[in-house]
$ cat upload_1.cif   # mmCIF, C-alpha atoms
data_my_file
#
loop_
_atom_site.label_atom_id
_atom_site.label_comp_id
_atom_site.auth_asym_id
_atom_site.auth_seq_id
_atom_site.Cartn_x
_atom_site.Cartn_y
_atom_site.Cartn_z
CA MET W 1 -211.94 146.15 -67.42
CA THR W 2 -209.96 143.30 -69.06
CA SER W 3 -208.45 140.96 -66.47
CA ASP W 4 -204.74 140.94 -65.83
CA PRO W 5 -203.35 137.38 -65.48
CA ARG W 6 -201.12 138.55 -62.60
CA ASN W 7 -204.14 139.31 -60.43
CA SER W 8 -206.63 137.06 -58.72
CA PRO W 9 -210.32 137.57 -59.51
CA GLN W 10 -210.68 138.96 -55.98
CA GLN W 11 -208.00 141.62 -56.52
CA GLU W 12 -209.59 142.45 -59.84
CA ARG W 13 -213.01 142.86 -58.18
CA SER W 14 -211.53 145.02 -55.44
CA ARG W 15 -209.95 147.32 -58.00
CA GLU W 16 -213.20 147.60 -59.91
CA THR W 17 -215.09 148.48 -56.73
CA ARG W 18 -212.50 151.10 -55.88
CA SER W 19 -212.81 152.62 -59.31
CA ARG W 20 -216.64 152.68 -59.11
CA ILE W 21 -216.45 154.35 -55.68
CA LEU W 22 -214.23 157.11 -57.11
CA GLU W 23 -216.61 157.69 -60.02
CA SER W 24 -219.61 157.78 -57.67
CA THR W 25 -217.80 160.32 -55.50
CA VAL W 26 -217.36 162.69 -58.43
CA THR W 27 -220.97 162.24 -59.57
CA CYS W 28 -222.35 162.79 -56.05
CA LEU W 29 -220.24 165.92 -55.46
CA ALA W 30 -221.23 167.36 -58.85
CA THR W 31 -224.94 166.70 -58.44
CA LYS W 32 -225.67 166.68 -54.69
CA GLY W 33 -223.04 169.16 -53.50
CA TRP W 34 -220.52 169.11 -50.67
CA GLN W 35 -222.83 168.83 -47.68
CA SER W 36 -224.93 165.94 -49.03
CA THR W 37 -221.96 163.94 -50.31
CA THR W 38 -221.41 161.87 -47.19
CA THR W 39 -219.61 158.53 -47.35
CA SER W 40 -223.06 156.89 -46.86
CA ALA W 41 -224.45 158.76 -49.88
CA VAL W 42 -221.50 157.66 -52.04
CA ALA W 43 -221.85 154.04 -50.85
CA ALA W 44 -225.58 154.13 -51.66
CA HIS W 45 -224.94 155.62 -55.12
CA CYS W 46 -222.39 152.88 -55.71
CA GLY W 47 -224.65 150.09 -54.43
CA ILE W 48 -222.30 148.93 -51.66
CA SER W 49 -222.37 149.11 -47.87
CA ARG W 50 -220.81 151.99 -45.97
CA GLY W 51 -218.46 149.45 -44.35
CA ALA W 52 -217.29 148.21 -47.75
CA LEU W 53 -216.58 151.81 -48.81
CA GLN W 54 -214.65 152.49 -45.61
CA HIS W 55 -212.56 149.40 -46.22
CA HIS W 56 -211.25 151.17 -49.34
CA PHE W 57 -211.38 154.75 -48.02
CA PRO W 58 -211.33 155.17 -44.23
CA THR W 59 -211.94 158.94 -44.32
CA ARG W 60 -214.20 161.25 -46.32
CA GLU W 61 -211.36 163.66 -47.05
CA GLY W 62 -209.09 160.85 -48.23
CA LEU W 63 -211.88 159.63 -50.51
CA PHE W 64 -212.38 163.10 -52.01
CA LEU W 65 -208.67 163.73 -52.57
CA THR W 66 -208.10 160.32 -54.17
CA ALA W 67 -211.17 160.80 -56.39
CA LEU W 68 -209.91 164.17 -57.60
CA GLU W 69 -206.37 162.96 -58.18
CA GLN W 70 -207.46 159.85 -60.08
CA MET W 71 -209.95 161.76 -62.23
CA PHE W 72 -207.39 164.52 -62.97
CA ASP W 73 -204.95 161.81 -64.10
CA GLU W 74 -207.59 160.20 -66.31
CA GLN W 75 -208.59 163.56 -67.80
CA ALA W 76 -204.97 164.50 -68.55
CA ALA W 77 -204.37 161.10 -70.14
CA ALA W 78 -207.55 161.41 -72.21
CA ASN W 79 -206.46 164.87 -73.41
CA ALA W 80 -203.07 163.54 -74.46
CA THR W 81 -204.65 160.58 -76.27
CA SER W 82 -207.25 162.64 -78.12
CA ALA W 83 -204.50 165.08 -79.16
CA ALA W 84 -202.35 162.22 -80.47
CA LEU W 85 -205.25 160.70 -82.41
CA ALA W 86 -206.72 163.93 -83.81
CA ASP W 87 -204.60 164.17 -86.92
CA GLY W 88 -207.23 165.77 -89.09
CA THR W 89 -208.64 168.15 -86.48
CA ASP W 90 -207.62 171.79 -86.33
CA ARG W 91 -205.20 172.13 -83.37
CA PHE W 92 -206.74 175.33 -82.07
CA ASP W 93 -210.29 173.98 -82.13
CA LEU W 94 -209.03 170.81 -80.43
CA ILE W 95 -207.33 172.60 -77.53
CA VAL W 96 -210.23 174.97 -76.92
CA GLU W 97 -212.63 172.02 -77.02
CA GLN W 98 -210.48 170.02 -74.56
CA VAL W 99 -210.02 172.84 -72.07
CA LEU W 100 -213.60 174.13 -72.19
CA GLY W 101 -214.86 170.55 -72.16
CA TYR W 102 -213.05 169.78 -68.92
CA TYR W 103 -214.42 172.87 -67.19
CA ALA W 104 -217.97 171.94 -68.24
CA SER W 105 -217.62 168.39 -66.89
CA ASP W 106 -218.81 166.73 -63.68
CA LEU W 107 -215.15 166.51 -62.67
CA PHE W 108 -214.87 170.30 -62.61
CA LYS W 109 -218.22 170.61 -60.82
CA ALA W 110 -217.00 168.12 -58.19
CA ALA W 111 -213.67 169.95 -57.84
CA LEU W 112 -215.58 173.23 -57.43
CA GLN W 113 -217.52 171.80 -54.49
CA ILE W 114 -214.26 170.75 -52.83
CA TRP W 115 -212.48 174.06 -53.58
CA THR W 116 -215.33 176.09 -52.21
CA ALA W 117 -215.40 174.08 -48.99
CA ALA W 118 -211.60 174.27 -48.85
CA ALA W 119 -211.74 178.08 -49.03
CA ALA W 120 -212.85 177.99 -45.38
CA GLU W 121 -210.78 174.93 -44.35
CA PRO W 122 -207.03 175.60 -44.45
CA ALA W 123 -206.03 171.96 -43.85
CA LEU W 124 -208.09 170.74 -46.80
CA ARG W 125 -206.79 173.61 -48.93
CA GLU W 126 -203.17 172.58 -48.28
CA ASN W 127 -203.93 169.10 -49.59
CA ILE W 128 -205.83 170.27 -52.65
CA LEU W 129 -203.50 172.99 -53.90
CA PRO W 130 -200.73 170.65 -55.12
CA LEU W 131 -203.25 168.47 -56.99
CA GLU W 132 -204.79 171.50 -58.63
CA GLU W 133 -201.43 173.02 -59.55
CA LYS W 134 -200.18 169.77 -61.03
CA PHE W 135 -203.32 169.40 -63.11
CA ALA W 136 -203.25 173.03 -64.33
CA ARG W 137 -199.60 172.59 -65.31
CA ARG W 138 -200.44 169.43 -67.30
CA MET W 139 -203.30 171.23 -69.11
CA TYR W 140 -200.94 174.10 -69.97
CA ASP W 141 -198.10 171.82 -71.12
CA ASN W 142 -200.51 169.78 -73.23
CA ALA W 143 -201.77 172.96 -74.93
CA VAL W 144 -198.21 174.17 -75.59
CA LEU W 145 -197.30 170.79 -77.08
CA VAL W 146 -200.39 170.40 -79.25
CA LEU W 147 -200.24 173.98 -80.53
CA GLY W 148 -196.47 173.84 -81.02
CA ALA W 149 -196.38 177.14 -79.15
CA ASP W 150 -193.25 179.27 -78.86
CA THR W 151 -193.23 179.86 -75.09
CA SER W 152 -190.28 182.26 -75.33
CA ASP W 153 -192.91 184.74 -76.58
CA GLU W 154 -194.68 186.37 -73.62
CA ARG W 155 -197.98 187.09 -75.41
CA THR W 156 -198.12 183.45 -76.50
CA ARG W 157 -197.70 182.25 -72.91
CA ARG W 158 -200.40 184.66 -71.72
CA LEU W 159 -202.86 183.63 -74.42
CA ILE W 160 -202.49 179.99 -73.40
CA GLN W 161 -202.81 180.78 -69.67
CA THR W 162 -205.83 182.93 -70.49
CA THR W 163 -207.42 179.96 -72.24
CA LEU W 164 -207.37 178.06 -68.93
CA ASP W 165 -208.62 181.02 -66.85
CA LEU W 166 -211.35 181.82 -69.37
CA ALA W 167 -212.47 178.18 -69.39
CA ARG W 168 -212.58 178.13 -65.58
CA GLY W 169 -214.81 181.22 -65.66
CA LEU W 170 -217.09 179.64 -68.26
CA GLY W 171 -217.24 176.46 -66.18
CA LEU W 172 -218.38 178.44 -63.16
CA ALA W 173 -221.08 180.17 -65.22
CA ASP W 174 -222.33 176.72 -66.23
CA VAL W 175 -222.83 175.63 -62.63
CA LEU W 176 -226.02 177.64 -62.14
CA SER W 177 -227.60 177.31 -65.57
CA ASP W 178 -226.97 175.53 -68.86
CA ASP W 179 -224.58 177.96 -70.49
CA SER W 180 -223.58 175.64 -73.33
CA ALA W 181 -224.97 177.71 -76.23
CA ARG W 182 -223.02 180.78 -75.15
CA ARG W 183 -219.95 178.64 -74.42
CA ARG W 184 -219.94 177.31 -78.00
CA LYS W 185 -219.87 180.87 -79.37
CA ILE W 186 -217.03 181.87 -77.05
CA ALA W 187 -215.14 178.66 -77.96
CA HIS W 188 -215.34 179.51 -81.65
CA PHE W 189 -214.26 183.09 -80.98
CA TRP W 190 -211.40 182.03 -78.73
CA ALA W 191 -210.00 179.41 -81.13
CA GLU W 192 -209.69 182.26 -83.68
CA GLU W 193 -207.93 184.54 -81.16
CA LEU W 194 -205.50 181.75 -80.22
CA ARG W 195 -204.34 181.51 -83.85
CA SER W 196 -202.30 184.66 -83.23
CA ILE W 197 -199.82 182.82 -80.97
CA LYS W 198 -196.27 182.30 -82.15
CA THR W 199 -195.42 178.73 -83.00
CA ALA W 200 -192.03 177.15 -82.34
CA HIS W 201 -192.20 174.99 -85.45
CA PRO W 202 -194.42 174.99 -88.53
CA THR W 203 -197.74 173.25 -87.83
CA THR W 204 -198.79 171.01 -90.68
CA GLU W 205 -202.52 171.50 -90.10
CA GLN W 206 -202.45 175.25 -90.59
CA GLY W 207 -202.74 176.76 -94.03
CA MET Y 1 -223.96 207.77 -42.27
CA THR Y 2 -225.30 211.36 -42.27
CA SER Y 3 -228.77 211.56 -40.78
CA ASP Y 4 -231.77 212.32 -42.94
CA PRO Y 5 -234.14 214.86 -41.30
CA ARG Y 6 -237.15 212.85 -42.51
CA ASN Y 7 -236.18 209.91 -40.29
CA SER Y 8 -236.23 209.45 -36.56
CA PRO Y 9 -232.97 208.47 -34.84
CA GLN Y 10 -234.51 205.02 -34.31
CA GLN Y 11 -235.22 204.51 -38.00
CA GLU Y 12 -231.71 205.70 -38.77
CA ARG Y 13 -230.24 203.22 -36.27
CA SER Y 14 -232.34 200.41 -37.67
CA ARG Y 15 -231.09 201.12 -41.18
CA GLU Y 16 -227.50 201.21 -39.98
CA THR Y 17 -227.93 197.87 -38.22
CA ARG Y 18 -229.44 196.37 -41.34
CA SER Y 19 -226.54 197.59 -43.41
CA ARG Y 20 -223.98 196.21 -40.93
CA ILE Y 21 -225.77 192.83 -40.95
CA LEU Y 22 -225.52 192.67 -44.75
CA GLU Y 23 -221.82 193.50 -44.66
CA SER Y 24 -221.19 190.89 -41.96
CA THR Y 25 -223.03 188.31 -44.06
CA VAL Y 26 -220.71 188.87 -47.01
CA THR Y 27 -217.61 188.78 -44.79
CA CYS Y 28 -218.72 185.60 -43.01
CA LEU Y 29 -219.58 183.79 -46.27
CA ALA Y 30 -216.26 184.81 -47.84
CA THR Y 31 -214.13 183.80 -44.86
CA LYS Y 32 -216.03 181.03 -43.02
CA GLY Y 33 -217.84 179.42 -45.96
CA TRP Y 34 -221.44 178.34 -46.52
CA GLN Y 35 -221.84 175.77 -43.77
CA SER Y 36 -220.42 177.93 -40.96
CA THR Y 37 -222.30 181.07 -41.96
CA THR Y 38 -225.35 180.51 -39.79
CA THR Y 39 -227.57 183.40 -38.73
CA SER Y 40 -226.00 183.05 -35.24
CA ALA Y 41 -222.49 183.42 -36.71
CA VAL Y 42 -223.52 186.55 -38.63
CA ALA Y 43 -225.18 188.03 -35.52
CA ALA Y 44 -222.03 187.35 -33.48
CA HIS Y 45 -219.79 188.91 -36.16
CA CYS Y 46 -222.07 191.94 -36.16
CA GLY Y 47 -222.19 192.19 -32.35
CA ILE Y 48 -225.99 191.83 -32.07
CA SER Y 49 -228.30 189.12 -30.78
CA ARG Y 50 -229.70 186.43 -33.04
CA GLY Y 51 -233.17 187.75 -32.24
CA ALA Y 52 -232.20 191.24 -33.39
CA LEU Y 53 -230.89 189.80 -36.64
CA GLN Y 54 -234.07 187.79 -37.20
CA HIS Y 55 -236.13 190.93 -36.66
CA HIS Y 56 -234.48 192.29 -39.83
CA PHE Y 57 -234.09 188.99 -41.70
CA PRO Y 58 -236.41 186.16 -40.63
CA THR Y 59 -234.73 183.50 -42.83
CA ARG Y 60 -231.13 182.62 -43.67
CA GLU Y 61 -231.88 182.41 -47.40
CA GLY Y 62 -233.60 185.81 -47.36
CA LEU Y 63 -230.58 187.27 -45.58
CA PHE Y 64 -228.17 185.84 -48.15
CA LEU Y 65 -230.21 186.97 -51.15
CA THR Y 66 -230.66 190.49 -49.80
CA ALA Y 67 -226.95 190.72 -48.95
CA LEU Y 68 -225.97 189.69 -52.47
CA GLU Y 69 -228.46 192.01 -54.14
CA GLN Y 70 -227.46 195.01 -52.03
CA MET Y 71 -223.73 194.40 -52.51
CA PHE Y 72 -224.17 193.88 -56.26
CA ASP Y 73 -226.02 197.23 -56.41
CA GLU Y 74 -223.27 198.96 -54.44
CA GLN Y 75 -220.54 197.40 -56.59
CA ALA Y 76 -222.27 198.44 -59.84
CA ALA Y 77 -222.78 201.97 -58.50
CA ALA Y 78 -219.12 202.16 -57.40
CA ASN Y 79 -218.01 200.99 -60.88
CA ALA Y 80 -220.12 203.68 -62.55
CA THR Y 81 -218.80 206.37 -60.19
CA SER Y 82 -215.14 205.40 -60.57
CA ALA Y 83 -215.62 205.37 -64.35
CA ALA Y 84 -217.18 208.85 -64.27
CA LEU Y 85 -214.39 210.24 -62.08
CA ALA Y 86 -211.45 208.57 -63.81
CA ASP Y 87 -210.87 211.20 -66.47
CA GLY Y 88 -207.12 210.75 -66.65
CA THR Y 89 -207.05 206.96 -66.41
CA ASP Y 90 -206.72 204.79 -69.47
CA ARG Y 91 -210.18 203.34 -70.17
CA PHE Y 92 -208.94 199.84 -70.91
CA ASP Y 93 -206.86 199.63 -67.74
CA LEU Y 94 -209.82 200.99 -65.78
CA ILE Y 95 -212.31 198.39 -67.04
CA VAL Y 96 -209.92 195.48 -66.57
CA GLU Y 97 -209.13 196.73 -63.06
CA GLN Y 98 -212.83 197.08 -62.19
CA VAL Y 99 -213.85 193.68 -63.51
CA LEU Y 100 -210.86 191.76 -62.13
CA GLY Y 101 -211.15 193.71 -58.87
CA TYR Y 102 -214.73 192.61 -58.35
CA TYR Y 103 -213.91 188.95 -58.95
CA ALA Y 104 -211.06 189.15 -56.41
CA SER Y 105 -213.31 190.71 -53.75
CA ASP Y 106 -215.05 189.27 -50.72
CA LEU Y 107 -218.31 189.90 -52.55
CA PHE Y 108 -217.33 187.42 -55.27
CA LYS Y 109 -216.05 184.93 -52.67
CA ALA Y 110 -219.39 185.21 -50.83
CA ALA Y 111 -221.35 184.82 -54.06
CA LEU Y 112 -219.23 181.75 -54.91
CA GLN Y 113 -220.22 180.10 -51.64
CA ILE Y 114 -223.90 180.70 -52.42
CA TRP Y 115 -223.62 179.59 -56.08
CA THR Y 116 -221.84 176.40 -55.12
CA ALA Y 117 -224.49 175.53 -52.55
CA ALA Y 118 -227.18 176.52 -55.06
CA ALA Y 119 -225.75 174.07 -57.63
CA ALA Y 120 -227.35 171.31 -55.52
CA GLU Y 121 -230.44 173.30 -54.40
CA PRO Y 122 -232.77 174.11 -57.31
CA ALA Y 123 -235.02 176.44 -55.27
CA LEU Y 124 -232.07 178.59 -54.17
CA ARG Y 125 -230.72 178.53 -57.72
CA GLU Y 126 -233.97 179.94 -59.12
CA ASN Y 127 -233.71 182.89 -56.74
CA ILE Y 128 -230.06 183.59 -57.42
CA LEU Y 129 -230.00 183.36 -61.21
CA PRO Y 130 -231.91 186.62 -61.85
CA LEU Y 131 -229.64 188.54 -59.42
CA GLU Y 132 -226.55 187.14 -61.09
CA GLU Y 133 -227.83 187.82 -64.62
CA LYS Y 134 -228.79 191.38 -63.75
CA PHE Y 135 -225.36 192.04 -62.23
CA ALA Y 136 -223.48 190.47 -65.16
CA ARG Y 137 -225.54 192.59 -67.56
CA ARG Y 138 -224.67 195.76 -65.61
CA MET Y 139 -220.95 194.88 -65.64
CA TYR Y 140 -221.14 194.31 -69.42
CA ASP Y 141 -223.11 197.52 -70.10
CA ASN Y 142 -220.71 199.51 -67.94
CA ALA Y 143 -217.73 198.16 -69.90
CA VAL Y 144 -219.42 198.95 -73.24
CA LEU Y 145 -220.18 202.48 -72.08
CA VAL Y 146 -216.75 203.23 -70.61
CA LEU Y 147 -214.89 201.76 -73.61
CA GLY Y 148 -217.26 203.40 -76.10
CA ALA Y 149 -217.48 199.96 -77.71
CA ASP Y 150 -219.18 199.35 -81.05
CA THR Y 151 -221.42 196.41 -80.10
CA SER Y 152 -222.56 195.92 -83.70
CA ASP Y 153 -219.14 194.28 -84.15
CA GLU Y 154 -219.26 190.63 -83.06
CA ARG Y 155 -215.59 190.33 -82.07
CA THR Y 156 -215.94 193.44 -79.91
CA ARG Y 157 -218.92 191.93 -78.07
CA ARG Y 158 -217.04 188.66 -77.56
CA LEU Y 159 -213.91 190.39 -76.25
CA ILE Y 160 -215.99 192.23 -73.65
CA GLN Y 161 -217.90 189.08 -72.64
CA THR Y 162 -214.59 187.25 -72.46
CA THR Y 163 -213.29 189.90 -70.06
CA LEU Y 164 -216.05 188.93 -67.62
CA ASP Y 165 -215.56 185.17 -68.06
CA LEU Y 166 -211.80 185.47 -67.75
CA ALA Y 167 -212.17 187.55 -64.58
CA ARG Y 168 -214.54 184.96 -63.11
CA GLY Y 169 -211.96 182.26 -63.79
CA LEU Y 170 -209.19 184.34 -62.20
CA GLY Y 171 -211.45 185.00 -59.21
CA LEU Y 172 -211.95 181.28 -58.73
CA ALA Y 173 -208.20 180.65 -58.92
CA ASP Y 174 -207.76 183.23 -56.14
CA VAL Y 175 -210.07 181.36 -53.78
CA LEU Y 176 -207.52 178.66 -52.93
CA SER Y 177 -204.33 180.71 -52.94
CA ASP Y 178 -203.21 184.31 -53.32
CA ASP Y 179 -203.08 184.56 -57.08
CA SER Y 180 -202.67 188.35 -57.18
CA ALA Y 181 -199.19 188.47 -58.74
CA ARG Y 182 -200.26 186.33 -61.68
CA ARG Y 183 -203.55 188.24 -61.93
CA ARG Y 184 -201.69 191.54 -62.34
CA LYS Y 185 -199.74 190.14 -65.28
CA ILE Y 186 -202.89 188.81 -66.93
CA ALA Y 187 -204.64 192.16 -66.30
CA HIS Y 188 -201.88 194.02 -68.09
CA PHE Y 189 -201.91 191.55 -70.97
CA TRP Y 190 -205.69 191.63 -71.25
CA ALA Y 191 -205.96 195.44 -71.25
CA GLU Y 192 -203.64 195.37 -74.29
CA GLU Y 193 -205.76 192.72 -76.05
CA LEU Y 194 -208.93 194.73 -75.38
CA ARG Y 195 -207.51 197.71 -77.28
CA SER Y 196 -208.32 195.85 -80.49
CA ILE Y 197 -212.09 196.32 -80.01
CA LYS Y 198 -213.99 198.61 -82.36
CA THR Y 199 -215.18 201.83 -80.79
CA ALA Y 200 -218.46 203.49 -81.65
CA HIS Y 201 -217.08 206.99 -81.20
CA PRO Y 202 -213.56 208.39 -80.86
CA THR Y 203 -212.32 208.06 -77.28
CA THR Y 204 -210.60 211.19 -76.06
CA GLU Y 205 -208.23 209.38 -73.69
CA GLN Y 206 -206.66 207.23 -76.39
CA GLY Y 207 -203.72 208.53 -78.43
#
$ encode --input "upload_1.cif" --output "structure tokens"
Amino acid sequence: MTSDPRNSPQQERSRETRSRILESTVTCLATKGWQSTTTSAVAAHCGISRGALQHHFPTREGLFLTALEQMFDEQAAANATSAALADGTDRFDLIVEQVLGYYASDLFKAALQIWTAAAAEPALRENILPLEEKFARRMYDNAVLVLGADTSDERTRRLIQTTLDLARGLGLADVLSDDSARRRKIAHFWAEELRSIKTAHPTTEQG
Amino acid sequence: MTSDPRNSPQQERSRETRSRILESTVTCLATKGWQSTTTSAVAAHCGISRGALQHHFPTREGLFLTALEQMFDEQAAANATSAALADGTDRFDLIVEQVLGYYASDLFKAALQIWTAAAAEPALRENILPLEEKFARRMYDNAVLVLGADTSDERTRRLIQTTLDLARGLGLADVLSDDSARRRKIAHFWAEELRSIKTAHPTTEQG
């Protein structure tokens, strides 16, 4: 939100509006669902006119795809930052918290609405798959890096992949009811299971 | 499909129609998605008139809920039967195959469409939650029974719960693209992990 001297106040304002539209899109999808998240509903949530929204995003599908991509990028960057800053935190707890946290977020709930609609719309699916694969790959690579995992070991690779699949399943369970108490227990359990991976180099945090 | 002497041919036909409608509902939801699965679309898929469908199911929501409930019952019964008949099959492979198989089925894909719509419709959510909880409980109890699991052991309970959550996550991954090759690898890996549960009584199939 700090201004960049290279940009005019108008460019700055335009970028802020764009960013607020993308956030509103995710919130609307997560809370109102696919059908009710029209461009008008997003504009209303954002406090701008439908015309102003369409100036930034001419189509609903383009808006949704950009929102997902931008939020995925922000989430991946936030994961990397929190991993870099979390010197005192147990690595296994940190990764389980990051992965389960993402799948319990509005971003996942928004992505779920788009995926589910895309299941019956091949054209939309083609556009979403690469975004989803790129994001899953970044989550996996981040976990490997933070855990210092030895990926030449097959069981280690599977345990890390399973962390992502398990978290996706827990995220889906959380869509219908608040599943957070159960999720905390599973997170604790899973962080302990993950400790049995092979590491490529000694991790300083482990005893 | 065999006729019951207590019923007239007309009653028999009516029950068959009802059953075909429920199957068509699941197929339509899984392949066409929530929005396109109107009562007219289900009637057309089933080869009957919309009026004939509404004679059996006056409302779309009632149709969806009955379809889910009936299919959940059939799936749970099929799991119990295949477990009872599978004398020579490894118990761990069997349970992983059953649970992952369900979450890769049209029934799960149909349920996903309803859940995702229900995320934004509290009234629908209230009606679906008890169905979903009952089915999840039956899947868990079936796994405990087949594995002869000692549920007084916390890690054993968590490993079995995790099997269901993991399978749900794999099912969701399969909605956008054919994830079956990866799923087979995870299934094999997970059946091995599950072997570390505590059993309440010696299992005859294990070495």
$ residues_around --input "upload_1.cif" --residues "segment 94-107 of chain W" --least-positions-apart "5" --cutoff "7 Å" --atoms "only C-alpha atoms" --output "list of chain:residue names"
W:Val26, W:Thr27, W:Ala30, W:Asn79, W:Thr89, W:Ala143, W:Leu164, W:Ala167, W:Arg168, W:Gly171, W:Asp174, W:Ala187, W:Ala191
$ interface_residues --input "upload_1.cif" --of "chain Y" --to "chain W" --cutoff "7 Å" --atoms "only C-alpha atoms" --output "list in words"
Thr31, Lys32, Gly33, Gln113, Trp115, Thr116, Ala117, Ala119, Ala120, Arg125, Arg158, Asp165, Leu166, Ala167, Arg168, Gly169, Leu170, Val175, Leu176 and Ile186 of chain Y
$ atom_distance --input "upload_1.cif" --atom1 "atom CA of Ala67 of chain W" --atom2 "atom CA of Phe135 of chain W"
13.4 Å
$ resolve_selection --input "upload_1.cif" --expression "the PyMOL selection byres ((chain Y and resi 51-53) around 12)" --output "PyMOL selection string"
chain Y and resi 14+17-22+24-25+38-50+54-60+62-63
$ atom_distance --input "upload_1.cif" --atom1 "atom CA of Thr37 of chain W" --atom2 "atom CA of Met71 of chain W"
17.1 Å
